[in-house]
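J.: So that we are looking at the same thing, I have put the structure below in structure tokens.
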Amino acid sequence: MAHKSPIILAVDTSSLDTALEWVACTSKYISAYKLGLEFFLSFGGEGVRRIAEVSDAKLFLDLKLHDIPNTVAGASAAVAALTPAFVTVHASGGRAMISAAVQAAPLSDITAVTILTSLDDDDVKEIGYGAGALPSAVNLAKLALEAGAKAIVCSPLEISAMRQNLGKNFAIITPGIRPADHSARDDQARTMTPREAIDAGATYLVIGRPITQHAISGMQRMQDAAAKIVDDIYSGNSR
Ligand code: C5P
């Protein structure tokens with residue numbers, strides 16, 4: 001691979017063996033593996049260590065921590081031993097909570113989730129963010145970065161506003177990515193292609209099914225799908 005991959009693979013499976021197989025076959029093309037709550041609650045720290053054994057790629061622990069600062073500090077310290085490159089927290093937990101996570105896991109990039117992209121403007125207002133999704137997401141990202149977060153998670157449609165308002169000195173990680181040739185219709189509605197998201201200013205792209213759905217046709221097909229996305233990003237063919 002001539003270029004460093006910006007892909008974070010969403011390891012969304014309830015089988016540890018499947019996860020290990022996916023990781024082993026894609027790791028040449030993947031920057032980090034995203035292990036979420038389902039994985040962590042099913043397989044715990046031991047499962048995370050098993051994944052780390054089969055790949056040199058980074059680990060993205062998507063635990064979306066959200067509690068009082070003392071509790072989040074304890075949780076962050078507990079997972080710090082697994083040396084994840086990224087650990088997610090909800091930005092809405094506030095400045096002190098984010099700062100507590102940063103201090104408790106100094107070797108990980110604390111990554112703040114802004115507004116969940118599953119929420120539309122009406123949902124966001126109903127929760128109490130009167131300004132709506134985009135301004136609220138930018139505001140939460142600003143707060144999180146001031147508190148020491150190194151990265152934020154947002155919708156691809158929010159990337160430009162994040163860069164315009166908050167600059168370049170932090171990583172933007174975005175799900176909702178669909179290659180132009182991805183034909184399967186699924187639950188991602190407001191999407192961008194990998195190349196569009198990178199051009200808009202994303203640092204990393206969280207991608208799951210556009211790669212993992214090919215496992216059904218064999219590991220080589222899955223690896224090819226990952227390789228093609230990386231190629232498309234750098235050759236500009238994904239538009
Ligand atoms: O398969 P797909 O590419 O849709 O996977 C995207 C990953 O990003 C999933 O793990 C999903 O839970 C996660 N995610 C998302 N939208 C968010 C936050 C996380 O799709 N707002």
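Going through the structure tokens in order, the chains are called A, B, and so on, while each chain numbers its residues from 1 and the ligands are numbered from 1 in the order shown.
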List every residue of range 37-224 of chain A that DSSP, applied to the backbone of this structure, places in helix (DSSP H, G or I), and write the result as a ChimeraX atom specification.

T.: /A:37-53,69-80,91-93,95-104,121-127,133-146,156-166,194-200,209-217,219-224

J.: Give me the residues within 12 Å of Leu61 in chain A as a VMD selection string, counting only C-alpha atoms and dropping any in the same chain fewer than 2 places off.

T.: chain A and resid 8 to 11 32 to 41 44 to 45 47 to 49 51 to 52 58 to 59 63 to 65 75 to 76 79 to 80 82 to 89 108 to 112

J.: Grab me every residue within 8 Å of ligand 1, counting only C-alpha atoms and all ligand atoms, and send it over as a list of chain:residue names.

T.: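 Every residue with an atom at most 8 Å from ligand 1 is listed here: A:Leu9, A:Ala10, A:Val11, A:Asp12, A:Lys34, A:Gly36, A:Val113, A:Ile115, A:Leu116, A:Thr117, A:Ser118, A:Val153, A:Cys154, A:Ser155, A:Thr174, A:Pro175, A:Gly176, A:Ile177, A:Arg178, A:Asp186, A:Asp187, A:Gln188, A:Val206, A:Ile207, A:Gly208, A:Arg209, A:Pro210, A:Ile211, A:Thr212.
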
J.: Just give me the gap between CA of Ser217 in chain A and CA of Asp231 in chain A in Å, one decimal is fine.

T.: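 Result for CA of Ser217 in chain A versus CA of Asp231 in chain A: 20.7 Å, one decimal.
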
J.: Name the residues of range 27-229 of chain A that fall into strand (DSSP E or B) according to DSSP on the backbone, using the chain letters and numbers of this document, as a compact mmCIF listing (two decimals) with N, CA and C atoms, in the first residue's frame.

T.:
```txt
# COMPACT_ATOMS: atom_id res chain seq x y z
N ALA A 32 -7.07 1.61 11.90
CA ALA A 32 -7.48 1.26 13.27
C ALA A 32 -8.73 0.39 13.20
N TYR A 33 -8.92 -0.40 14.24
CA TYR A 33 -10.13 -1.23 14.34
C TYR A 33 -11.02 -0.67 15.43
N LYS A 34 -12.28 -0.44 15.06
CA LYS A 34 -13.23 0.12 16.02
C LYS A 34 -13.97 -1.02 16.71
N LEU A 35 -13.74 -1.12 18.00
CA LEU A 35 -14.41 -2.11 18.82
C LEU A 35 -15.39 -1.37 19.70
N GLY A 36 -16.67 -1.70 19.57
CA GLY A 36 -17.70 -0.93 20.26
C GLY A 36 -18.20 -1.63 21.52
N LYS A 58 -3.99 0.28 14.91
CA LYS A 58 -4.40 0.88 16.18
C LYS A 58 -5.76 0.34 16.61
N LEU A 59 -6.04 0.55 17.88
CA LEU A 59 -7.36 0.18 18.39
C LEU A 59 -8.17 1.43 18.71
N PHE A 60 -9.42 1.40 18.29
CA PHE A 60 -10.35 2.50 18.55
C PHE A 60 -11.44 1.92 19.45
N LEU A 61 -11.36 2.23 20.73
CA LEU A 61 -12.35 1.68 21.67
C LEU A 61 -13.53 2.64 21.74
N ASP A 62 -14.63 2.21 21.13
CA ASP A 62 -15.80 3.09 21.02
C ASP A 62 -16.77 2.81 22.16
N LEU A 63 -16.39 3.28 23.33
CA LEU A 63 -17.20 2.99 24.52
C LEU A 63 -18.16 4.13 24.85
N LYS A 64 -17.99 5.27 24.22
CA LYS A 64 -18.86 6.44 24.41
C LYS A 64 -19.15 6.68 25.89
N LEU A 65 -18.07 6.87 26.65
CA LEU A 65 -18.21 7.07 28.09
C LEU A 65 -18.96 8.36 28.39
N PHE A 86 -7.41 5.32 20.50
CA PHE A 86 -8.56 6.22 20.66
C PHE A 86 -9.54 5.61 21.66
N VAL A 87 -10.11 6.46 22.49
CA VAL A 87 -11.21 6.06 23.37
C VAL A 87 -12.28 7.14 23.25
N THR A 88 -13.52 6.73 23.01
CA THR A 88 -14.56 7.76 22.83
C THR A 88 -15.28 8.08 24.14
N VAL A 89 -15.66 9.37 24.23
CA VAL A 89 -16.51 9.86 25.32
C VAL A 89 -17.58 10.74 24.67
N HIS A 90 -18.70 10.91 25.37
CA HIS A 90 -19.69 11.86 24.85
C HIS A 90 -19.28 13.28 25.24
N ASP A 109 -5.78 8.94 22.55
CA ASP A 109 -6.43 10.18 22.12
C ASP A 109 -7.89 10.10 22.54
N ILE A 110 -8.26 10.93 23.51
CA ILE A 110 -9.66 10.97 23.90
C ILE A 110 -10.43 11.62 22.76
N THR A 111 -11.46 10.92 22.32
CA THR A 111 -12.19 11.27 21.10
C THR A 111 -13.63 11.57 21.48
N ALA A 112 -14.06 12.79 21.19
CA ALA A 112 -15.37 13.23 21.67
C ALA A 112 -16.44 13.04 20.60
N VAL A 113 -17.48 12.32 20.97
CA VAL A 113 -18.65 12.18 20.09
C VAL A 113 -19.51 13.42 20.31
N ALA A 151 -9.53 14.38 19.23
CA ALA A 151 -10.28 14.04 18.02
C ALA A 151 -11.76 14.19 18.32
N ILE A 152 -12.54 14.38 17.26
CA ILE A 152 -13.99 14.41 17.44
C ILE A 152 -14.64 13.49 16.40
N VAL A 153 -15.81 13.00 16.76
CA VAL A 153 -16.61 12.21 15.83
C VAL A 153 -17.81 13.07 15.44
N ALA A 171 -8.15 15.80 14.96
CA ALA A 171 -8.61 14.79 14.01
C ALA A 171 -10.14 14.78 13.95
N ILE A 172 -10.66 14.65 12.74
CA ILE A 172 -12.10 14.45 12.57
C ILE A 172 -12.31 13.03 12.09
N ILE A 173 -13.17 12.33 12.80
CA ILE A 173 -13.47 10.93 12.49
C ILE A 173 -14.94 10.86 12.14
N THR A 174 -15.25 10.33 10.97
CA THR A 174 -16.64 10.35 10.56
C THR A 174 -17.15 8.99 10.05
N ILE A 177 -20.13 6.71 5.76
CA ILE A 177 -19.34 6.72 4.52
C ILE A 177 -19.84 5.59 3.61
N MET A 192 -21.51 10.37 2.60
CA MET A 192 -20.54 10.91 1.63
C MET A 192 -19.67 9.75 1.16
N TYR A 204 -10.05 10.57 9.54
CA TYR A 204 -10.30 9.13 9.49
C TYR A 204 -11.75 8.87 9.12
N LEU A 205 -11.99 7.78 8.43
CA LEU A 205 -13.33 7.38 8.03
C LEU A 205 -13.68 6.07 8.72
N VAL A 206 -14.79 6.06 9.45
CA VAL A 206 -15.27 4.81 10.04
C VAL A 206 -16.12 4.10 8.99
N ILE A 207 -15.66 2.94 8.57
CA ILE A 207 -16.37 2.20 7.52
C ILE A 207 -16.58 0.77 8.02
```
